[in-house]
$ cat entry_36.cif   # mmCIF, C-alpha atoms
data_data
loop_
_atom_site.label_atom_id
_atom_site.label_comp_id
_atom_site.auth_asym_id
_atom_site.auth_seq_id
_atom_site.Cartn_x
_atom_site.Cartn_y
_atom_site.Cartn_z
CA MET A 209 9.20 -42.35 21.04
CA ALA A 210 8.92 -38.72 22.09
CA THR A 211 11.54 -37.71 19.56
CA ALA A 212 9.63 -39.07 16.54
CA PRO A 213 7.08 -36.18 16.39
CA ALA A 214 9.88 -33.69 16.96
CA LEU A 215 11.84 -35.30 14.13
CA LYS A 216 8.81 -35.13 11.81
CA SER A 217 8.26 -31.49 12.71
CA SER A 218 11.91 -30.72 12.09
CA ALA A 219 11.82 -32.47 8.70
CA ALA A 220 8.64 -30.65 7.67
CA SER A 221 10.13 -27.33 8.77
CA SER A 222 13.31 -28.06 6.84
CA THR A 223 11.31 -28.99 3.73
CA SER A 224 9.24 -25.80 3.87
CA ARG A 225 12.36 -23.68 4.30
CA LEU A 226 13.96 -25.40 1.33
CA ALA A 227 10.83 -24.78 -0.76
CA ALA A 228 10.89 -21.12 0.25
CA LEU A 229 14.51 -20.82 -0.82
CA ARG A 230 13.83 -22.48 -4.18
CA ALA A 231 10.71 -20.43 -4.94
CA THR A 232 11.46 -17.54 -7.25
CA ALA A 233 9.25 -14.77 -8.54
CA GLU A 234 10.03 -15.80 -12.11
CA GLY A 235 9.26 -19.49 -11.67
CA ASN A 236 6.07 -18.73 -9.78
CA GLY A 237 5.01 -16.21 -12.43
CA VAL A 238 5.59 -18.63 -15.29
CA LYS A 239 3.73 -21.44 -13.49
CA TYR A 240 0.70 -19.30 -12.67
CA GLY A 241 0.88 -17.67 -16.10
CA ILE A 242 0.48 -21.08 -17.72
CA TYR A 243 -2.44 -21.92 -15.39
CA THR A 244 -4.11 -18.61 -16.19
CA ALA A 245 -3.48 -19.04 -19.92
CA ALA A 246 -5.11 -22.47 -19.83
CA VAL A 247 -8.28 -20.95 -18.37
CA LEU A 248 -8.16 -18.06 -20.87
CA ILE A 249 -7.71 -20.35 -23.87
CA VAL A 250 -10.57 -22.61 -22.76
CA TYR A 251 -12.72 -19.49 -22.42
CA LEU A 252 -11.59 -18.29 -25.88
CA VAL A 253 -12.66 -21.57 -27.44
CA ILE A 254 -16.01 -21.51 -25.62
CA ALA A 255 -16.60 -17.90 -26.70
CA ALA A 256 -15.76 -18.76 -30.32
CA ILE A 257 -18.05 -21.78 -30.36
CA ALA A 258 -20.91 -19.99 -28.59
CA GLY A 259 -20.62 -16.99 -30.93
CA PHE A 260 -19.98 -14.20 -28.44
CA LEU A 261 -16.29 -13.69 -29.17
CA GLY A 262 -16.91 -10.24 -30.65
CA SER A 263 -18.76 -8.81 -27.65
CA ILE A 264 -17.15 -6.36 -25.25
CA GLU A 265 -18.32 -8.41 -22.29
CA ALA A 266 -16.27 -11.36 -23.51
CA SER A 267 -13.04 -9.37 -23.28
CA ALA A 268 -14.05 -7.99 -19.87
CA LEU A 269 -14.17 -11.53 -18.53
CA ASN A 270 -10.68 -12.08 -19.99
CA GLY A 271 -9.50 -9.17 -17.86
CA LEU A 272 -11.09 -10.61 -14.74
CA ILE A 273 -9.43 -13.97 -15.37
CA VAL A 274 -6.03 -12.24 -15.70
CA VAL A 275 -6.68 -10.30 -12.47
CA ALA A 276 -7.55 -13.52 -10.63
CA GLY A 277 -4.43 -15.27 -11.95
CA VAL A 278 -2.15 -12.39 -10.92
CA VAL A 279 -3.63 -12.16 -7.41
CA LEU A 280 -3.40 -15.93 -6.91
CA SER A 281 0.21 -15.88 -8.10
CA ILE A 282 1.19 -13.14 -5.67
CA ARG A 283 -0.74 -14.83 -2.86
CA HIS A 284 1.01 -18.15 -3.47
CA LEU A 285 4.45 -16.56 -3.44
CA SER A 286 3.67 -14.64 -0.26
CA ILE A 287 2.58 -17.84 1.47
CA ILE A 288 5.73 -19.71 0.40
CA LYS A 289 8.16 -16.89 1.18
CA GLY A 290 6.54 -15.79 4.45
CA ARG A 291 8.64 -13.10 6.10
CA ASP A 292 11.14 -13.12 3.21
CA PHE A 293 8.48 -11.92 0.77
CA GLY A 294 9.63 -8.68 -0.82
CA TYR A 295 7.62 -6.03 -2.60
CA LEU A 296 9.50 -6.35 -5.89
CA GLN A 297 9.23 -10.14 -5.81
CA GLY A 298 5.45 -9.92 -5.62
CA TYR A 299 5.27 -7.17 -8.20
CA GLY A 300 7.53 -9.12 -10.55
CA THR A 301 5.65 -12.39 -10.20
CA GLY A 302 2.39 -10.60 -11.00
CA ILE A 303 3.81 -9.00 -14.12
CA ILE A 304 5.36 -12.25 -15.32
CA THR A 305 2.08 -14.09 -14.70
CA ALA A 306 0.15 -11.57 -16.80
CA LEU A 307 2.78 -11.50 -19.55
CA VAL A 308 2.95 -15.28 -19.90
CA ALA A 309 -0.84 -15.67 -19.77
CA SER A 310 -1.39 -12.88 -22.31
CA ALA A 311 1.30 -14.14 -24.68
CA LEU A 312 -0.16 -17.64 -24.63
CA LEU A 313 -3.67 -16.24 -25.13
CA GLY A 314 -2.40 -14.16 -28.07
CA ALA A 315 -0.83 -17.29 -29.56
CA GLY A 316 -4.12 -19.13 -29.02
CA PHE A 317 -5.92 -16.30 -30.78
CA TRP A 318 -3.52 -16.49 -33.73
CA LEU A 319 -4.06 -20.24 -33.89
CA LEU A 320 -7.82 -19.79 -33.75
CA GLY A 321 -7.58 -17.21 -36.55
CA GLY A 322 -5.69 -19.71 -38.68
CA ILE A 323 -8.19 -22.48 -38.00
CA SER A 324 -11.54 -20.68 -38.04
CA GLN A 325 -12.25 -17.68 -40.23
CA GLN A 326 -15.80 -17.68 -38.81
CA ALA A 327 -14.46 -16.81 -35.34
CA ILE A 328 -12.48 -13.91 -36.78
CA ALA A 329 -15.57 -12.77 -38.70
CA GLN A 330 -17.36 -12.41 -35.33
CA ILE A 331 -14.77 -9.87 -34.28
CA ARG A 332 -14.69 -8.01 -37.58
CA THR A 333 -18.43 -7.29 -37.44
CA ARG A 334 -17.72 -4.82 -34.62
CA ASP A 335 -14.33 -3.67 -35.91
CA LEU A 336 -13.85 -0.05 -34.91
CA PHE A 337 -10.47 0.39 -36.58
CA GLY A 338 -11.31 -0.64 -40.11
CA SER A 339 -10.85 -3.86 -41.97
CA ASP A 340 -7.05 -3.54 -41.92
CA LEU A 341 -6.96 -4.79 -38.34
CA GLY A 342 -5.73 -8.32 -38.82
CA VAL A 343 -5.29 -11.31 -36.58
CA LEU A 344 -1.64 -10.45 -35.89
CA ILE A 345 -2.39 -6.94 -34.65
CA SER A 346 -5.36 -8.21 -32.64
CA GLY A 347 -3.14 -10.80 -30.94
CA LEU A 348 -0.56 -8.14 -30.12
CA GLY A 349 -3.36 -6.01 -28.67
CA ILE A 350 -4.42 -8.93 -26.49
CA ILE A 351 -0.86 -9.27 -25.19
CA LEU A 352 -0.59 -5.55 -24.47
CA MET A 353 -3.96 -5.26 -22.75
CA GLY A 354 -3.42 -8.38 -20.64
CA THR A 355 0.05 -7.33 -19.56
CA MET A 356 -1.04 -3.81 -18.62
CA THR A 357 -3.96 -5.26 -16.67
CA GLY A 358 -1.45 -7.43 -14.80
CA VAL A 359 0.88 -4.51 -14.08
CA ILE A 360 -1.92 -2.43 -12.54
CA THR A 361 -3.31 -5.41 -10.64
CA SER A 362 0.16 -6.23 -9.29
CA LEU A 363 0.56 -2.69 -7.99
CA ILE A 364 -2.79 -2.83 -6.21
CA ALA A 365 -2.32 -6.37 -4.86
CA MET A 366 1.14 -5.59 -3.53
CA GLN A 367 -0.24 -2.65 -1.57
CA TYR A 368 -2.54 -5.10 0.16
CA TYR A 369 0.11 -7.79 0.72
CA ARG A 370 2.69 -5.27 1.88
CA SER A 371 0.33 -3.84 4.50
CA ALA A 372 -0.78 -7.36 5.53
CA ASN A 373 2.86 -8.45 5.84
CA GLU A 374 3.77 -5.40 7.92
CA GLY A 375 0.80 -5.95 10.21
CA HIS A 376 1.74 -9.61 10.61
CA SER A 377 5.34 -8.80 11.54
CA GLU A 378 4.18 -6.15 14.06
CA MET A 379 1.85 -8.69 15.68
CA GLN A 380 4.71 -11.20 16.04
CA GLU A 381 6.98 -8.59 17.66
CA LYS A 382 4.42 -7.88 20.39
#
$ encode --input "entry_36.cif" --output "structure tokens"
Amino acid sequence: MATAPALKSSAASSTSRLAALRATAEGNGVKYGIYTAAVLIVYLVIAAIAGFLGSIEASALNGLIVVAGVVLSIRHLSIIKGRDFGYLQGYGTGIITALVASALLGAGFWLLGGISQQAIAQIRTRDLFGSDLGVLISGLGIILMGTMTGVITSLIAMQYYRSANEGHSEMQEK
């Protein structure tokens, strides 16, 4: 009977090692990018229905949602990988998360523009670039801004996780 808990522990350890080997920066980034995009698209629909889609504050909250998604993505990968977590893996998963989320949000924006001209009219009332700025260019701008937000956030987050990982490995050596 004493071997049963040891067997369970060994099986759980083996399963977690297998999960760590299977976890990739790309897969993690795509998964968290889809999660983040779902939140962003729900927020886009709420903003369009509530009538504050054209306000600057609405896009600032988009940026905060992307930042949260990128940080959670990097955090998840660092937990799964443990000591095998590399700087470029974390940086890459953050960029992929932001790119996927922004691309899906841009596609959601294009779809919203095709469905509701009233939502697009909310944005055009504060159009700083003239009336030639269409839905396509706005969607591309969303993708660019979201991805660049993710790149910068990934750089900052990886500084934190790198220093936390180094401190953790130093504590284990002592």
$ closest_residue --input "entry_36.cif" --among "A:Ile304, A:Gly316, A:Leu344, A:His284" --to "Val359 (chain A)" --atoms "all atoms listed in the file"
A:Ile304
$ atom_distance --input "entry_36.cif" --atom1 "CA of Gly314 (chain A)" --atom2 "CA of Leu348 (chain A)"
6.6 Å
$ closest_residue --input "entry_36.cif" --among "A:Ala276, A:Leu285, A:Leu296, A:Ala246" --to "Ala309 (chain A)" --atoms "all atoms listed in the file"
A:Ala246
$ closest_residue --input "entry_36.cif" --among "A:Gly277, A:Gly321, A:Gly342, A:Gly347" --to "Val253 (chain A)" --atoms "all atoms listed in the file"
A:Gly321
$ closest_residue --input "entry_36.cif" --among "A:Leu261, A:Met366, A:Met353, A:Ile254" --to "Ser281 (chain A)" --atoms "all atoms listed in the file"
A:Met366
$ atom_distance --input "entry_36.cif" --atom1 "CA of Glu265 (chain A)" --atom2 "CA of Gln367 (chain A)"
28.1 Å
$ closest_residue --input "entry_36.cif" --among "A:Ser362, A:Ser371, A:Thr232, A:Ser267" --to "Leu307 (chain A)" --atoms "only C-alpha atoms"
A:Ser362
$ closest_residue --input "entry_36.cif" --among "A:Leu363, A:Ile249, A:Ala258, A:Val278" --to "Ala315 (chain A)" --atoms "all atoms listed in the file"
A:Ile249
$ residues_around --input "entry_36.cif" --residues "Leu352 (chain A)" --least-positions-apart "3" --cutoff "12 Å" --atoms "all atoms listed in the file" --output "compact mmCIF listing (two decimals) with C-alpha atoms, keeping the file's coordinate frame"
# COMPACT_ATOMS: atom_id res chain seq x y z
CA GLY A 271 -9.50 -9.17 -17.86
CA ILE A 303 3.81 -9.00 -14.12
CA ALA A 306 0.15 -11.57 -16.80
CA LEU A 307 2.78 -11.50 -19.55
CA VAL A 308 2.95 -15.28 -19.90
CA ALA A 309 -0.84 -15.67 -19.77
CA SER A 310 -1.39 -12.88 -22.31
CA ALA A 311 1.30 -14.14 -24.68
CA LEU A 313 -3.67 -16.24 -25.13
CA GLY A 314 -2.40 -14.16 -28.07
CA ILE A 345 -2.39 -6.94 -34.65
CA SER A 346 -5.36 -8.21 -32.64
CA GLY A 347 -3.14 -10.80 -30.94
CA LEU A 348 -0.56 -8.14 -30.12
CA GLY A 349 -3.36 -6.01 -28.67
CA THR A 355 0.05 -7.33 -19.56
CA MET A 356 -1.04 -3.81 -18.62
CA THR A 357 -3.96 -5.26 -16.67
CA GLY A 358 -1.45 -7.43 -14.80
CA VAL A 359 0.88 -4.51 -14.08
$ atom_distance --input "entry_36.cif" --atom1 "CA of Tyr240 (chain A)" --atom2 "CA of Arg283 (chain A)"
10.9 Å
$ residues_around --input "entry_36.cif" --residues "Phe293 (chain A)" --least-positions-apart "4" --cutoff "10 Å" --atoms "only C-alpha atoms" --output "ChimeraX atom specification"
/A:228,233,282,285-289,297-298,369-370,373
$ residues_around --input "entry_36.cif" --residues "Ile328 (chain A)" --least-positions-apart "6" --cutoff "12 Å" --atoms "all atoms listed in the file" --output "list of chain:residue names"
A:Leu252, A:Ala255, A:Ala256, A:Ile257, A:Gly259, A:Phe260, A:Leu261, A:Gly262, A:Phe317, A:Trp318, A:Leu319, A:Leu320, A:Gly321, A:Gly322, A:Arg334, A:Asp335, A:Ser339, A:Leu341, A:Gly342, A:Val343, A:Leu344, A:Ser346, A:Gly347
$ write_last_selection --input "entry_36.cif" --atoms "C-alpha atoms" --output "CSV table (one decimal), keeping the file's coordinate frame"
chain,number,residue,atom,x,y,z
A,252,LEU,CA,-11.6,-18.3,-25.9
A,255,ALA,CA,-16.6,-17.9,-26.7
A,256,ALA,CA,-15.8,-18.8,-30.3
A,257,ILE,CA,-18.0,-21.8,-30.4
A,259,GLY,CA,-20.6,-17.0,-30.9
A,260,PHE,CA,-20.0,-14.2,-28.4
A,261,LEU,CA,-16.3,-13.7,-29.2
A,262,GLY,CA,-16.9,-10.2,-30.6
A,317,PHE,CA,-5.9,-16.3,-30.8
A,318,TRP,CA,-3.5,-16.5,-33.7
A,319,LEU,CA,-4.1,-20.2,-33.9
A,320,LEU,CA,-7.8,-19.8,-33.8
A,321,GLY,CA,-7.6,-17.2,-36.6
A,322,GLY,CA,-5.7,-19.7,-38.7
A,334,ARG,CA,-17.7,-4.8,-34.6
A,335,ASP,CA,-14.3,-3.7,-35.9
A,339,SER,CA,-10.8,-3.9,-42.0
A,341,LEU,CA,-7.0,-4.8,-38.3
A,342,GLY,CA,-5.7,-8.3,-38.8
A,343,VAL,CA,-5.3,-11.3,-36.6
A,344,LEU,CA,-1.6,-10.4,-35.9
A,346,SER,CA,-5.4,-8.2,-32.6
A,347,GLY,CA,-3.1,-10.8,-30.9
$ axis_aligned_box --input "entry_36.cif" --around "region 276-282 of chain A" --padding-each-side "4 Å" --output "JSON"
{"center_x": -3.2, "center_y": -14.0, "center_z": -8.8, "size_x": 16.7, "size_y": 11.8, "size_z": 14.3}
$ build_atoms --input "entry_36.cif" --residues "region 254-286 of chain A" --atoms "N, CA and C atoms" --output "PDB file, keeping the file's coordinate frame"
ATOM      1  N   ILE A 254     -14.574 -21.518 -25.932  1.00  0.00           N
ATOM      2  CA  ILE A 254     -16.010 -21.510 -25.620  1.00  0.00           C
ATOM      3  C   ILE A 254     -16.680 -20.287 -26.233  1.00  0.00           C
ATOM      4  N   ALA A 255     -16.035 -19.130 -26.135  1.00  0.00           N
ATOM      5  CA  ALA A 255     -16.600 -17.900 -26.700  1.00  0.00           C
ATOM      6  C   ALA A 255     -16.704 -17.999 -28.221  1.00  0.00           C
ATOM      7  N   ALA A 256     -15.720 -18.604 -28.861  1.00  0.00           N
ATOM      8  CA  ALA A 256     -15.760 -18.760 -30.320  1.00  0.00           C
ATOM      9  C   ALA A 256     -16.866 -19.712 -30.745  1.00  0.00           C
ATOM     10  N   ILE A 257     -17.019 -20.806 -30.019  1.00  0.00           N
ATOM     11  CA  ILE A 257     -18.050 -21.780 -30.360  1.00  0.00           C
ATOM     12  C   ILE A 257     -19.444 -21.228 -30.084  1.00  0.00           C
ATOM     13  N   ALA A 258     -19.594 -20.529 -28.964  1.00  0.00           N
ATOM     14  CA  ALA A 258     -20.910 -19.990 -28.590  1.00  0.00           C
ATOM     15  C   ALA A 258     -21.280 -18.758 -29.410  1.00  0.00           C
ATOM     16  N   GLY A 259     -20.324 -18.117 -30.059  1.00  0.00           N
ATOM     17  CA  GLY A 259     -20.620 -16.990 -30.930  1.00  0.00           C
ATOM     18  C   GLY A 259     -20.601 -15.622 -30.276  1.00  0.00           C
ATOM     19  N   PHE A 260     -20.042 -15.520 -29.079  1.00  0.00           N
ATOM     20  CA  PHE A 260     -19.980 -14.200 -28.440  1.00  0.00           C
ATOM     21  C   PHE A 260     -18.549 -13.683 -28.302  1.00  0.00           C
ATOM     22  N   LEU A 261     -17.686 -14.118 -29.196  1.00  0.00           N
ATOM     23  CA  LEU A 261     -16.290 -13.690 -29.170  1.00  0.00           C
ATOM     24  C   LEU A 261     -16.144 -12.202 -29.462  1.00  0.00           C
ATOM     25  N   GLY A 262     -17.022 -11.642 -30.266  1.00  0.00           N
ATOM     26  CA  GLY A 262     -16.910 -10.240 -30.650  1.00  0.00           C
ATOM     27  C   GLY A 262     -17.503  -9.256 -29.664  1.00  0.00           C
ATOM     28  N   SER A 263     -18.118  -9.729 -28.585  1.00  0.00           N
ATOM     29  CA  SER A 263     -18.760  -8.810 -27.650  1.00  0.00           C
ATOM     30  C   SER A 263     -17.747  -8.236 -26.654  1.00  0.00           C
ATOM     31  N   ILE A 264     -18.027  -7.038 -26.211  1.00  0.00           N
ATOM     32  CA  ILE A 264     -17.150  -6.360 -25.250  1.00  0.00           C
ATOM     33  C   ILE A 264     -17.128  -7.114 -23.931  1.00  0.00           C
ATOM     34  N   GLU A 265     -18.242  -7.680 -23.550  1.00  0.00           N
ATOM     35  CA  GLU A 265     -18.320  -8.410 -22.290  1.00  0.00           C
ATOM     36  C   GLU A 265     -17.374  -9.608 -22.271  1.00  0.00           C
ATOM     37  N   ALA A 266     -17.170 -10.215 -23.431  1.00  0.00           N
ATOM     38  CA  ALA A 266     -16.270 -11.360 -23.510  1.00  0.00           C
ATOM     39  C   ALA A 266     -14.840 -10.954 -23.149  1.00  0.00           C
ATOM     40  N   SER A 267     -14.403  -9.808 -23.613  1.00  0.00           N
ATOM     41  CA  SER A 267     -13.040  -9.370 -23.280  1.00  0.00           C
ATOM     42  C   SER A 267     -12.952  -8.877 -21.843  1.00  0.00           C
ATOM     43  N   ALA A 268     -14.066  -8.400 -21.275  1.00  0.00           N
ATOM     44  CA  ALA A 268     -14.050  -7.990 -19.870  1.00  0.00           C
ATOM     45  C   ALA A 268     -13.821  -9.195 -18.964  1.00  0.00           C
ATOM     46  N   LEU A 269     -14.397 -10.327 -19.329  1.00  0.00           N
ATOM     47  CA  LEU A 269     -14.170 -11.530 -18.530  1.00  0.00           C
ATOM     48  C   LEU A 269     -12.720 -12.007 -18.668  1.00  0.00           C
ATOM     49  N   ASN A 270     -12.116 -11.787 -19.834  1.00  0.00           N
ATOM     50  CA  ASN A 270     -10.680 -12.080 -19.990  1.00  0.00           C
ATOM     51  C   ASN A 270      -9.876 -11.292 -18.975  1.00  0.00           C
ATOM     52  N   GLY A 271     -10.201 -10.021 -18.824  1.00  0.00           N
ATOM     53  CA  GLY A 271      -9.500  -9.170 -17.860  1.00  0.00           C
ATOM     54  C   GLY A 271      -9.665  -9.664 -16.439  1.00  0.00           C
ATOM     55  N   LEU A 272     -10.861 -10.105 -16.092  1.00  0.00           N
ATOM     56  CA  LEU A 272     -11.090 -10.610 -14.740  1.00  0.00           C
ATOM     57  C   LEU A 272     -10.326 -11.914 -14.488  1.00  0.00           C
ATOM     58  N   ILE A 273     -10.206 -12.736 -15.510  1.00  0.00           N
ATOM     59  CA  ILE A 273      -9.430 -13.970 -15.370  1.00  0.00           C
ATOM     60  C   ILE A 273      -7.954 -13.640 -15.156  1.00  0.00           C
ATOM     61  N   VAL A 274      -7.435 -12.660 -15.881  1.00  0.00           N
ATOM     62  CA  VAL A 274      -6.030 -12.240 -15.700  1.00  0.00           C
ATOM     63  C   VAL A 274      -5.835 -11.685 -14.288  1.00  0.00           C
ATOM     64  N   VAL A 275      -6.773 -10.860 -13.819  1.00  0.00           N
ATOM     65  CA  VAL A 275      -6.680 -10.300 -12.470  1.00  0.00           C
ATOM     66  C   VAL A 275      -6.643 -11.414 -11.431  1.00  0.00           C
ATOM     67  N   ALA A 276      -7.515 -12.401 -11.572  1.00  0.00           N
ATOM     68  CA  ALA A 276      -7.550 -13.520 -10.630  1.00  0.00           C
ATOM     69  C   ALA A 276      -6.231 -14.294 -10.656  1.00  0.00           C
ATOM     70  N   GLY A 277      -5.696 -14.541 -11.842  1.00  0.00           N
ATOM     71  CA  GLY A 277      -4.430 -15.270 -11.950  1.00  0.00           C
ATOM     72  C   GLY A 277      -3.282 -14.518 -11.303  1.00  0.00           C
ATOM     73  N   VAL A 278      -3.222 -13.206 -11.501  1.00  0.00           N
ATOM     74  CA  VAL A 278      -2.150 -12.390 -10.920  1.00  0.00           C
ATOM     75  C   VAL A 278      -2.249 -12.381  -9.397  1.00  0.00           C
ATOM     76  N   VAL A 279      -3.450 -12.194  -8.874  1.00  0.00           N
ATOM     77  CA  VAL A 279      -3.630 -12.160  -7.410  1.00  0.00           C
ATOM     78  C   VAL A 279      -3.285 -13.512  -6.797  1.00  0.00           C
ATOM     79  N   LEU A 280      -3.721 -14.596  -7.433  1.00  0.00           N
ATOM     80  CA  LEU A 280      -3.400 -15.930  -6.910  1.00  0.00           C
ATOM     81  C   LEU A 280      -1.897 -16.196  -6.958  1.00  0.00           C
ATOM     82  N   SER A 281      -1.237 -15.711  -7.989  1.00  0.00           N
ATOM     83  CA  SER A 281       0.210 -15.880  -8.100  1.00  0.00           C
ATOM     84  C   SER A 281       0.935 -15.152  -6.976  1.00  0.00           C
ATOM     85  N   ILE A 282       0.558 -13.925  -6.737  1.00  0.00           N
ATOM     86  CA  ILE A 282       1.190 -13.140  -5.670  1.00  0.00           C
ATOM     87  C   ILE A 282       0.885 -13.763  -4.307  1.00  0.00           C
ATOM     88  N   ARG A 283      -0.350 -14.200  -4.125  1.00  0.00           N
ATOM     89  CA  ARG A 283      -0.740 -14.830  -2.860  1.00  0.00           C
ATOM     90  C   ARG A 283       0.087 -16.087  -2.609  1.00  0.00           C
ATOM     91  N   HIS A 284       0.241 -16.912  -3.624  1.00  0.00           N
ATOM     92  CA  HIS A 284       1.010 -18.150  -3.470  1.00  0.00           C
ATOM     93  C   HIS A 284       2.462 -17.851  -3.094  1.00  0.00           C
ATOM     94  N   LEU A 285       3.062 -16.892  -3.759  1.00  0.00           N
ATOM     95  CA  LEU A 285       4.450 -16.560  -3.440  1.00  0.00           C
ATOM     96  C   LEU A 285       4.586 -15.996  -2.038  1.00  0.00           C
ATOM     97  N   SER A 286       3.601 -15.205  -1.606  1.00  0.00           N
ATOM     98  CA  SER A 286       3.670 -14.640  -0.260  1.00  0.00           C
ATOM     99  C   SER A 286       3.529 -15.724   0.803  1.00  0.00           C
TER     100      SER A 286
END
